[in-house]
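Asker: Let me give you the structure first, and then I'll get to my questions.
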Amino acid sequence: MRAVLVERTLCLREPLRTAQGEMTERPLFLLELQDGEGRRAAGEAAPLEHYDGVSAERCRTALEAYLPLLRAHDGGTGVSLLDACRAVDPLPQALSAIDTALWSLAAQREGRPICDLLSDEALSHVPVNATIGATDARAAAAQALAFIEAGFTCLKVKVGVGDDASRLAAIRAAVGPQVVLRLDANGAWTADQAVHAIGRLAAAGLELVEEPVHGVDALREVRRRVPSRIAMDETAAEPGAIGSGAADAVCLKLARAGGISGLLAQAALVRASGAEVYLASTLDGPVGIAAALHCAAALRVELPCGLATLGLFEDAVPAALTPSAGAIAVPTAPGLGL
């Protein structure tokens, strides 16, 4: 099998500020595979150090360690190849690239999109939210209006980064009562701070609050003390967290799950605990977004997913992944469909 590793850096149109810091660019790795019959597929590795603690250098090391195994592959199963790579280095962000590319090759062999291999009743469109990162109230309201005019019906607001109450009030006043608002604190608060902040912000009308605190016990405490629905994100990386039932919903990430296979397994655990599932990107590139769309479609996710993030980059969004009316159509060509 032919295997090539390509590094890319995507530049953000504007700096993105979260409780974890400010970003201006985003490093990515593309693993390109070609099988013996000439089919080509790509998988994406998307480490995000300030989010998951995995540096680009750490991910590159893992991917380079996989290359000899990939190039020596002689037609065995994809499962055995993925297991061999995992034995060399079990880094989920790197394995995600392998897993996605192998699923894409398998779907191409069948002449079908990946989601059709995963489900007989996959969604044709995945609902998505837009993300407001502006820290100034007027700028945030302007962003919100622009998103509504573009067809979004769900907006996610980054909080824990300034005067959240003024910004959220300005957004709600600008978009009206029908638009769905959710908050993302990226674990910025302690439990007591979260309870106080959510109590102040809930008047704006909230769908959910994502990762107000870090840790299963802290999430469970906040959930018990506030009326708003609580979602888990970064805490999902902790052992046992996704099946703990500590939150009303769990945000799953392709890179953190180790790819499509791992994400489907995680979704089953979340749903078994009684919580809902939705997906989001870790500022992924087009390959990662496409793979996540196929997963969300196969899982028939109802909550809006955080997969409309390609517009944050200077590079043009591929037409196949452009949001319309608050959703992204799932690519229908064989494999990832790009």
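Letters A, B, ... mark the chains of the structure tokens in the order given; residue numbers begin at 1 per chain; ligand numbers begin at 1, in order shown.
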Pull the strand (DSSP E or B) assignments for region 180-239 of chain A out of DSSP run on the backbone, and list those residues as an MDAnalysis selection string.
Answerer: chainID A and resid 180:184 208:210 230:232
Asker: Take the residues just selected and output them with C-alpha atoms as a PDB file, in the first residue's frame.
Answerer:
ATOM      1  CA  VAL A 180     -31.524  28.337  19.913  1.00  0.00           C
ATOM      2  CA  LEU A 181     -28.580  29.454  22.077  1.00  0.00           C
ATOM      3  CA  ARG A 182     -26.057  27.185  23.739  1.00  0.00           C
ATOM      4  CA  LEU A 183     -23.008  28.109  25.796  1.00  0.00           C
ATOM      5  CA  ASP A 184     -19.510  26.626  25.814  1.00  0.00           C
ATOM      6  CA  LEU A 208     -27.595  23.620  27.025  1.00  0.00           C
ATOM      7  CA  VAL A 209     -24.293  24.604  28.642  1.00  0.00           C
ATOM      8  CA  GLU A 210     -21.283  22.694  27.368  1.00  0.00           C
ATOM      9  CA  ILE A 230     -25.474  20.270  30.917  1.00  0.00           C
ATOM     10  CA  ALA A 231     -23.259  18.797  28.215  1.00  0.00           C
ATOM     11  CA  MET A 232     -19.885  17.088  28.552  1.00  0.00           C
TER      12      MET A 232
END
Asker: At most 12 Å is the cut-off: for each residue in region 42-155 of chain A with any atom that close to an atom of region 248-270 of chain A, write down the nearest atom pair and the distance in Å rounded to one decimal, counting only C-alpha atoms, chain first then increasing number, as CSV.
Answerer:
residue,atom,partner,partner_atom,distance
A:Gly43,CA,A:Gly259,CA,9.0
A:Glu44,CA,A:Ala255,CA,8.4
A:Ala45,CA,A:Ala255,CA,6.8
A:Ala46,CA,A:Ala255,CA,6.2
A:Pro47,CA,A:Ala255,CA,7.2
A:Leu48,CA,A:Ala255,CA,9.5
A:Glu49,CA,A:Arg256,CA,11.9
A:Tyr51,CA,A:Arg256,CA,10.4
A:Asp52,CA,A:Arg256,CA,7.9
A:Gly53,CA,A:Arg256,CA,10.9
A:Val54,CA,A:Arg256,CA,10.2
A:Cys59,CA,A:Ala255,CA,11.1
A:Gly78,CA,A:Ser261,CA,11.3
A:Val79,CA,A:Ser261,CA,9.9
A:Leu82,CA,A:Ser261,CA,10.4
A:Asp83,CA,A:Gly258,CA,11.8
A:Cys85,CA,A:Gly258,CA,11.7
A:Arg86,CA,A:Gly258,CA,9.9
A:Asp89,CA,A:Gly258,CA,11.7
A:Pro90,CA,A:Gly258,CA,8.8
A:Leu91,CA,A:Gly258,CA,7.6
A:Pro92,CA,A:Gly258,CA,3.9
A:Gln93,CA,A:Ala255,CA,4.6
A:Ala94,CA,A:Gly258,CA,7.3
A:Leu95,CA,A:Gly258,CA,5.3
A:Ser96,CA,A:Gly259,CA,3.7
A:Ala97,CA,A:Gly259,CA,6.8
A:Ile98,CA,A:Gly259,CA,7.8
A:Asp99,CA,A:Gly259,CA,5.4
A:Thr100,CA,A:Gly259,CA,5.9
A:Ala101,CA,A:Gly259,CA,9.4
A:Leu102,CA,A:Ile260,CA,9.9
A:Trp103,CA,A:Ile260,CA,7.9
A:Ser104,CA,A:Ile260,CA,10.3
A:Ile114,CA,A:Ile260,CA,9.7
A:Cys115,CA,A:Ile260,CA,10.2
A:Leu117,CA,A:Ile260,CA,11.6
A:Leu118,CA,A:Leu264,CA,9.1
A:Ser119,CA,A:Leu264,CA,11.1
Asker: Applying 8 Å and only C-alpha atoms, which residues near region 132-137 of chain A remain after dropping the ones on its own chain fewer than 2 positions away? List them as a JSON list (two decimals) with N, CA and C atoms, in the first residue's frame.
Answerer:
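As written to disk, part-v8.json reads:
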[["chain", "number", "residue", "atom", "x", "y", "z"],
["A", 16, "LEU", "N", -9.29, 33.31, 17.34],
["A", 16, "LEU", "CA", -10.39, 32.70, 18.09],
["A", 16, "LEU", "C", -9.98, 32.61, 19.55],
["A", 17, "ARG", "N", -10.73, 33.28, 20.39],
["A", 17, "ARG", "CA", -10.41, 33.31, 21.81],
["A", 17, "ARG", "C", -11.38, 32.44, 22.58],
["A", 18, "THR", "N", -10.85, 31.51, 23.37],
["A", 18, "THR", "CA", -11.65, 30.67, 24.25],
["A", 18, "THR", "C", -11.05, 30.75, 25.65],
["A", 130, "ALA", "N", -23.69, 27.36, 14.57],
["A", 130, "ALA", "CA", -22.61, 28.31, 14.30],
["A", 130, "ALA", "C", -22.00, 28.72, 15.63],
["A", 139, "ALA", "N", -19.91, 43.31, 18.59],
["A", 139, "ALA", "CA", -19.37, 42.42, 17.56],
["A", 139, "ALA", "C", -20.05, 41.05, 17.61],
["A", 140, "ALA", "N", -20.31, 40.57, 18.82],
["A", 140, "ALA", "CA", -20.98, 39.27, 18.96],
["A", 140, "ALA", "C", -22.39, 39.31, 18.38],
["A", 141, "ALA", "N", -23.11, 40.40, 18.63],
["A", 141, "ALA", "CA", -24.46, 40.55, 18.09],
["A", 141, "ALA", "C", -24.42, 40.60, 16.57],
["A", 143, "GLN", "N", -22.12, 39.24, 14.63],
["A", 143, "GLN", "CA", -21.83, 37.88, 14.18],
["A", 143, "GLN", "C", -23.10, 37.03, 14.20],
["A", 144, "ALA", "N", -23.86, 37.15, 15.28],
["A", 144, "ALA", "CA", -25.08, 36.37, 15.41],
["A", 144, "ALA", "C", -26.06, 36.68, 14.29],
["A", 155, "LEU", "N", -27.02, 28.77, 17.73],
["A", 155, "LEU", "CA", -25.76, 29.49, 17.90],
["A", 155, "LEU", "C", -25.09, 29.04, 19.19],
["A", 156, "LYS", "N", -23.79, 28.77, 19.11],
["A", 156, "LYS", "CA", -23.01, 28.46, 20.31],
["A", 156, "LYS", "C", -22.14, 29.66, 20.66],
["A", 157, "VAL", "N", -22.21, 30.07, 21.91],
["A", 157, "VAL", "CA", -21.48, 31.25, 22.37],
["A", 157, "VAL", "C", -20.38, 30.82, 23.34],
["A", 158, "LYS", "N", -19.15, 31.20, 23.03],
["A", 158, "LYS", "CA", -18.04, 30.93, 23.95],
["A", 158, "LYS", "C", -18.17, 31.86, 25.16],
["A", 161, "VAL", "N", -14.93, 34.23, 29.04],
["A", 161, "VAL", "CA", -13.87, 35.00, 28.39],
["A", 161, "VAL", "C", -14.13, 36.50, 28.44],
["A", 162, "GLY", "N", -14.92, 36.98, 29.39],
["A", 162, "GLY", "CA", -15.20, 38.41, 29.47],
["A", 162, "GLY", "C", -16.56, 38.65, 30.08],
["A", 163, "ASP", "N", -17.22, 39.73, 29.64],
["A", 163, "ASP", "CA", -18.55, 40.08, 30.15],
["A", 163, "ASP", "C", -19.59, 39.23, 29.43],
["A", 166, "SER", "N", -23.45, 40.60, 29.27],
["A", 166, "SER", "CA", -23.74, 41.66, 28.30],
["A", 166, "SER", "C", -23.72, 41.11, 26.87],
["A", 167, "ARG", "N", -22.74, 40.24, 26.60],
["A", 167, "ARG", "CA", -22.62, 39.68, 25.26],
["A", 167, "ARG", "C", -23.83, 38.81, 24.92],
["A", 168, "LEU", "N", -24.23, 37.97, 25.87],
["A", 168, "LEU", "CA", -25.35, 37.08, 25.61],
["A", 168, "LEU", "C", -26.66, 37.87, 25.47],
["A", 170, "ALA", "N", -26.93, 40.90, 24.35],
["A", 170, "ALA", "CA", -26.89, 41.57, 23.05],
["A", 170, "ALA", "C", -27.23, 40.60, 21.92],
["A", 171, "ILE", "N", -26.73, 39.39, 22.04],
["A", 171, "ILE", "CA", -27.01, 38.37, 21.02],
["A", 171, "ILE", "C", -28.50, 38.04, 21.00]]
Asker: What residues in region 108-220 of chain A get the DSSP label helix (DSSP H, G or I)? Please answer as a compact mmCIF listing (two decimals) with C-alpha atoms, in the first residue's frame.
Answerer:
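Contents of selection.txt, freshly written:
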# COMPACT_ATOMS: atom_id res chain seq x y z
CA GLN A 108 -15.02 3.04 -2.27
CA ARG A 109 -14.66 -0.70 -2.87
CA GLU A 110 -18.43 -0.98 -2.31
CA ILE A 114 -19.20 5.76 4.34
CA CYS A 115 -22.48 6.50 6.14
CA ASP A 116 -24.24 3.85 4.05
CA LEU A 117 -21.76 1.26 5.32
CA LEU A 118 -22.52 2.32 8.89
CA ALA A 137 -21.07 42.60 22.82
CA ARG A 138 -21.65 44.62 19.66
CA ALA A 139 -19.37 42.42 17.56
CA ALA A 140 -20.98 39.27 18.96
CA ALA A 141 -24.46 40.55 18.09
CA ALA A 142 -23.30 41.38 14.57
CA GLN A 143 -21.83 37.88 14.18
CA ALA A 144 -25.08 36.37 15.41
CA LEU A 145 -27.17 38.33 12.90
CA ALA A 146 -24.86 37.32 10.07
CA PHE A 147 -25.23 33.66 11.03
CA ILE A 148 -29.02 33.91 11.20
CA GLU A 149 -29.09 35.55 7.78
CA ASP A 164 -20.63 37.06 29.24
CA ALA A 165 -23.94 38.52 30.46
CA SER A 166 -23.74 41.66 28.30
CA ARG A 167 -22.62 39.68 25.26
CA LEU A 168 -25.35 37.08 25.61
CA ALA A 169 -28.03 39.75 26.18
CA ALA A 170 -26.89 41.57 23.05
CA ILE A 171 -27.01 38.37 21.02
CA ARG A 172 -30.49 37.46 22.23
CA ALA A 173 -31.78 40.96 21.57
CA ALA A 174 -30.36 40.83 18.06
CA VAL A 175 -31.67 37.42 17.01
CA ALA A 191 -18.67 24.29 40.33
CA ASP A 192 -19.77 27.28 42.42
CA GLN A 193 -18.78 29.73 39.69
CA ALA A 194 -20.67 27.69 37.12
CA VAL A 195 -23.84 27.60 39.20
CA HIS A 196 -23.66 31.37 39.70
CA ALA A 197 -22.87 32.12 36.05
CA ILE A 198 -25.52 29.81 34.63
CA GLY A 199 -28.07 31.30 37.02
CA ARG A 200 -27.28 34.77 35.62
CA LEU A 201 -27.17 33.70 31.98
CA ALA A 202 -30.15 31.35 31.90
CA ALA A 203 -32.53 34.30 31.47
CA ALA A 204 -31.39 34.50 27.86
CA VAL A 216 -17.27 13.92 36.12
CA ASP A 217 -17.98 14.78 39.76
CA ALA A 218 -18.02 18.52 39.10
CA LEU A 219 -20.32 18.13 36.09
CA ARG A 220 -22.67 15.97 38.11
Asker: When you count only C-alpha atoms, which of these residues is closest to Leu30 (chain A): A:Pro286, A:Gly335, A:Gly75, A:Gly240?
Answerer: A:Pro286
